Every structure is written in C-alpha cells, then in structure tokens.
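Peer 1: Sending over data16.csv (CSV, C-alpha atoms and all ligand atoms).
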```csv
chain,number,residue,atom,x,y,z
A,132,MET,CA,0.0,0.0,0.0
A,133,ASP,CA,1.3,3.4,-1.0
A,134,CYS,CA,0.8,5.2,2.4
A,135,LEU,CA,3.4,7.5,3.8
A,136,PHE,CA,2.5,6.8,7.4
A,137,CYS,CA,2.4,3.0,6.9
A,138,LYS,CA,6.0,3.4,5.6
A,139,ILE,CA,7.0,5.3,8.8
A,140,VAL,CA,5.3,2.5,10.9
A,141,ALA,CA,7.3,-0.1,8.9
A,142,GLY,CA,10.6,1.9,9.3
A,143,ASP,CA,11.0,2.4,5.6
A,144,ILE,CA,10.9,6.2,5.9
A,145,PRO,CA,12.7,8.0,8.8
A,146,ALA,CA,10.8,10.0,11.4
A,147,ASN,CA,11.6,11.7,14.7
A,148,ILE,CA,9.7,9.1,16.7
A,149,ILE,CA,8.9,10.1,20.3
A,150,TYR,CA,6.5,7.3,21.4
A,151,GLN,CA,5.7,3.7,20.3
A,152,ASP,CA,3.5,1.0,21.7
A,153,ASP,CA,1.6,-2.0,20.2
A,154,LEU,CA,-1.3,0.2,19.0
A,155,ALA,CA,0.2,3.6,18.3
A,156,MET,CA,3.2,5.6,17.3
A,157,ALA,CA,4.0,9.3,17.6
A,158,PHE,CA,6.6,11.4,15.8
A,159,MET,CA,7.3,15.1,15.3
A,160,ASP,CA,5.5,16.9,12.4
A,161,ILE,CA,7.9,17.7,9.6
A,162,ASN,CA,6.3,21.2,9.1
A,163,PRO,CA,5.5,22.3,12.7
A,164,GLN,CA,2.7,24.8,13.3
A,165,ALA,CA,3.5,25.3,17.0
A,166,PRO,CA,6.6,25.1,19.2
A,167,PHE,CA,5.6,21.4,19.8
A,168,HIS,CA,3.8,19.6,17.0
A,169,ALA,CA,3.6,15.9,17.0
A,170,LEU,CA,1.4,13.4,15.1
A,171,ILE,CA,0.0,10.4,16.9
A,172,ILE,CA,-1.1,7.6,14.6
A,173,PRO,CA,-2.4,4.0,14.8
A,174,ARG,CA,-0.1,1.3,13.6
A,175,LYS,CA,-3.1,0.0,11.7
A,176,HIS,CA,-3.9,1.7,8.4
A,177,ILE,CA,-7.2,3.6,8.7
A,178,ALA,CA,-7.6,6.2,5.9
A,179,THR,CA,-9.9,8.7,7.5
A,180,LEU,CA,-12.1,9.2,10.5
A,181,ASN,CA,-15.0,8.1,8.3
A,182,ASP,CA,-13.3,4.6,8.1
A,183,VAL,CA,-13.1,4.0,11.8
A,184,SER,CA,-14.9,0.7,12.6
A,185,SER,CA,-16.4,-0.3,15.9
A,186,GLU,CA,-13.4,-2.5,16.6
A,187,ASP,CA,-11.1,0.5,16.1
A,188,ARG,CA,-12.8,2.5,18.8
A,189,GLU,CA,-10.3,1.6,21.5
A,190,THR,CA,-7.4,2.4,19.2
A,191,VAL,CA,-8.7,5.9,18.4
A,192,GLY,CA,-9.4,6.6,22.0
A,193,HIS,CA,-5.9,5.4,22.8
A,194,LEU,CA,-4.5,8.1,20.5
A,195,HIS,CA,-5.9,10.7,22.8
A,196,TRP,CA,-4.5,9.0,25.9
A,197,VAL,CA,-1.1,9.1,24.2
A,198,ALA,CA,-1.6,12.8,23.4
A,199,ALA,CA,-2.2,13.6,27.1
A,200,LYS,CA,0.7,11.5,28.2
A,201,LEU,CA,3.1,13.3,25.8
A,202,ALA,CA,1.8,16.7,26.8
A,203,GLU,CA,2.7,15.8,30.4
A,204,GLU,CA,6.0,14.4,29.4
A,205,TYR,CA,7.0,17.5,27.4
A,206,GLY,CA,5.8,19.9,30.1
A,207,PHE,CA,2.8,21.7,28.5
A,208,ALA,CA,-0.1,19.7,29.9
A,209,ALA,CA,-1.0,22.3,32.6
A,210,ASP,CA,-0.7,25.3,30.2
A,211,GLY,CA,-2.8,23.5,27.7
A,212,TYR,CA,-2.7,22.3,24.1
A,213,ARG,CA,-4.8,21.3,21.1
A,214,THR,CA,-5.6,17.9,19.5
A,215,VAL,CA,-7.0,17.8,16.0
A,216,PHE,CA,-8.1,15.1,13.5
A,217,ASN,CA,-8.5,16.6,10.0
A,218,CYS,CA,-11.0,14.6,7.8
A,219,ASN,CA,-11.1,14.7,4.0
A,220,SER,CA,-10.7,17.9,1.9
A,221,HIS,CA,-12.8,20.3,3.9
A,222,GLY,CA,-11.0,19.2,7.0
A,223,GLY,CA,-7.6,19.8,5.4
A,224,GLN,CA,-6.5,16.2,5.4
A,225,THR,CA,-3.5,15.6,3.2
A,226,VAL,CA,-2.2,12.3,4.5
A,227,TYR,CA,-4.8,9.5,4.3
A,228,HIS,CA,-3.8,7.5,7.4
A,229,ILE,CA,-5.5,9.0,10.4
A,230,HIS,CA,-3.3,11.1,12.7
A,231,LEU,CA,-4.0,13.1,15.7
A,232,HIS,CA,-2.2,16.4,15.7
A,233,LEU,CA,-0.9,17.4,19.1
A,234,LEU,CA,0.0,21.1,19.2
A,235,GLY,CA,1.3,23.0,22.2
A,236,GLY,CA,4.0,25.3,23.6
A,237,LYS,CA,2.2,28.7,23.0
A,238,PRO,CA,-1.3,30.1,23.2
A,239,LEU,CA,-3.2,28.8,20.1
A,240,GLY,CA,-5.7,31.0,18.2
A,241,TRP,CA,-9.4,30.1,18.2
A,242,PRO,CA,-11.4,29.9,16.1
A,243,PRO,CA,-9.1,28.5,13.4
A,244,TYR,CA,-11.0,30.2,10.6
A,245,GLN,CA,-12.0,33.8,9.9
A,246,ASP,CA,-15.1,33.4,7.7
A,247,THR,CA,-18.6,33.3,9.1
A,248,LEU,CA,-20.3,30.0,9.4
A,249,LYS,CA,-23.6,29.8,7.4
A,250,VAL,CA,-24.4,26.1,8.0
A,251,PRO,CA,-27.9,25.5,9.3
A,252,VAL,CA,-27.9,23.6,12.6
B,1,LIG,P1,-3.1,16.7,7.6
B,1,LIG,O1,-3.1,17.9,6.7
B,1,LIG,O2,-4.0,16.8,8.8
B,1,LIG,O3,-3.3,15.4,6.8
B,1,LIG,O4,-1.7,16.5,8.3
B,1,LIG,C1,-0.6,15.9,7.6
B,1,LIG,C2,0.6,16.3,8.4
B,1,LIG,O5,1.7,15.4,8.1
B,1,LIG,C3,1.1,17.7,8.1
B,1,LIG,O6,1.1,18.5,9.3
B,1,LIG,C4,2.5,17.5,7.5
B,1,LIG,O7,3.4,18.5,7.9
B,1,LIG,C5,2.9,16.2,8.1
B,1,LIG,N1,3.9,15.4,7.4
B,1,LIG,C6,3.9,15.1,6.1
B,1,LIG,N2,4.9,14.3,5.8
B,1,LIG,C7,5.5,14.0,7.0
B,1,LIG,C8,6.7,13.3,7.3
B,1,LIG,N3,7.4,12.6,6.4
B,1,LIG,N4,7.1,13.2,8.6
B,1,LIG,C9,6.4,14.0,9.6
B,1,LIG,N5,5.3,14.7,9.3
B,1,LIG,C10,4.9,14.7,8.0
B,2,ZN,ZN,-1.3,3.9,6.2
```
Do you think you could lay out the structure here as structure tokens?
Ligand code: AMP
Ligand code: ZN
Peer 2:
Amino acid sequence: MDCLFCKIVAGDIPANIIYQDDLAMAFMDINPQAPFHALIIPRKHIATLNDVSSEDRETVGHLHWVAAKLAEEYGFAADGYRTVFNCNSHGGQTVYHIHLHLLGGKPLGWPPYQDTLKVPV
C-alpha cells in the first residue's frame, strides 16, 4: 500500500519518533505549526475518521490517551494544548492514514477560521 505513514510504521521512511507501543506511534511533524507539533497515529492503516470501525474505537481513544501522556512528558499539559483530526478535503486532510495532531507550547488561536459559518444547525 502506498501510504506515507504506513511506511513510517514499517521503518521504511525515517521520522523523529517520540513514542511507540503496540497500537500507536508518535513522531514530530515535519512542518510544525506550533513550538511542539507531533502526530499520533495508529499502527493499523485507517484512511480517514470516516473509516473507523467499531473494533477501532479503543485504538482511536488510545491516541488521545497518548496525546495527554506526551503533553505531560513534554511539560505543557498544565498550560494546555490542542488535539486535531482533519478529515477529508474540507478538514484539510493531506495524508490519508488517520493522525491526531498534538499542538502546544504557545497560546493557540481560536477559532481557526475567519469566515462566518452559514451552516444551518
Ligand atoms: P493533515 O493535513 O491533517 O493530513 O496533516 C498531515 C501532516 O503530516 C502535516 O502537518 C505535515 O506537515 C505532516 N507530514 C507530512 N509528511 C511528513 C513526514 N514525512 N514526517 C512527519 N510529518 C509529516
Ligand atoms: Zn497507512
């Protein structure tokens, strides 16, 4: 399968890996958007959040547990941080193997967009 993050999981492409266990892996983002910017991914290939099956629920929850653990380890848990899954084109997803962005180390702007929402709710 031609997936960049599967290649990182397999060790075929180098990455600055900061965490690994049997379900997940975390490495620093190559184009950081904050002083600390890591990606936490499942070892299993799941293309988008839309493809998460019921048996993947523990894995996807686990990615958030890893995020909180890393925030503590790198010293910005108390100040705060952001976790983000981008999904498909409107979400800004560019790599189609789900990854949880973990951003921290400075106050992060919110909302992340400037245009006014006109979606009926
Ligand atoms: P997204 O736009 O949510 O799909 O995020 C993809 C992220 O992967 C971006 O923040 C990229 O900077 C990052 N990225 C792409 N290639 C690599 C790589 N080889 N190693 C680490 N991060 C990468
Ligand atoms: Zn993959």
Peer 1: Mind listing the residues within 8 Å of ligand LIG 1 (chain B), all atoms listed in the file counted, as a PyMOL selection string?
Peer 2: chain A and resi 135-136+139+144-147+158-164+169-170+215-218+222-232
Peer 1: Around the point (-4.3, 21.2, 19.4), in the coordinates given by the file, pick out the residues reaching within 8 Å, counting all atoms listed in the file, and return them as a list in words.
Peer 2: Tyr212, Arg213, Thr214, Val215, His232, Leu233, Leu234, Gly235 and Leu239 of chain A
Peer 1: So what do you get for CA of His193 (chain A) versus CA of Asp152 (chain A), distance-wise?
Peer 2: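 Between these atoms lies a distance of 10.4 Å.
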Peer 1: Identify which of the residues A:Leu201, A:Val191, A:Ala209, A:Ile172 lies closest to Cys137 (chain A), counting only C-alpha atoms when measuring atom-to-atom distances.
Peer 2: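 Going through A:Leu201, A:Val191, A:Ala209, A:Ile172 one by one, the smallest distance to Cys137 (chain A) is for A:Ile172.
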Peer 1: Looking at only C-alpha atoms and all ligand atoms, which of A:His168, A:Thr179, A:Lys200, A:Ile149 is the one that sits closest to ligand ZN 2 (chain B)?
Peer 2: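 For ligand ZN 2 (chain B), the nearest of the candidates is A:Thr179.
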Peer 1: How far is it from CA of Ala141 (chain A) to atom ZN of ligand ZN 2 (chain B), in Å with one decimal?
Peer 2: 9.9 Å
Peer 1: What is the distance, in Å and to one decimal place, between CA of Ala198 (chain A) and CA of Ile171 (chain A)?
Peer 2: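 That distance, rounded to one decimal, is 7.1 Å.
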Peer 1: Write out as a list in words each polymer residue whose atoms come within 12 Å of Glu186 (chain A), counting all atoms listed in the file; drop sequence neighbours fewer than 5 positions from it.
Peer 2: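 The neighbour list is Lys175, Ile177, Val191 and Gly192 of chain A.
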Peer 1: Restricting the calculation to all atoms listed in the file, which member of A:Leu180, A:Leu154, A:Asp143, A:Ala165 is positioned closest to Gly236 (chain A)?
Peer 2: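 Nearest candidate to Gly236 (chain A) out of A:Leu180, A:Leu154, A:Asp143, A:Ala165: A:Ala165.
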Peer 1: Nearest to Gly211 (chain A): which of A:Val183, A:Ala199, A:Pro243, A:Ala157 is it, counting only C-alpha atoms?
Peer 2: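 Of A:Val183, A:Ala199, A:Pro243, A:Ala157, the one nearest Gly211 (chain A), counting only C-alpha atoms, is A:Ala199.
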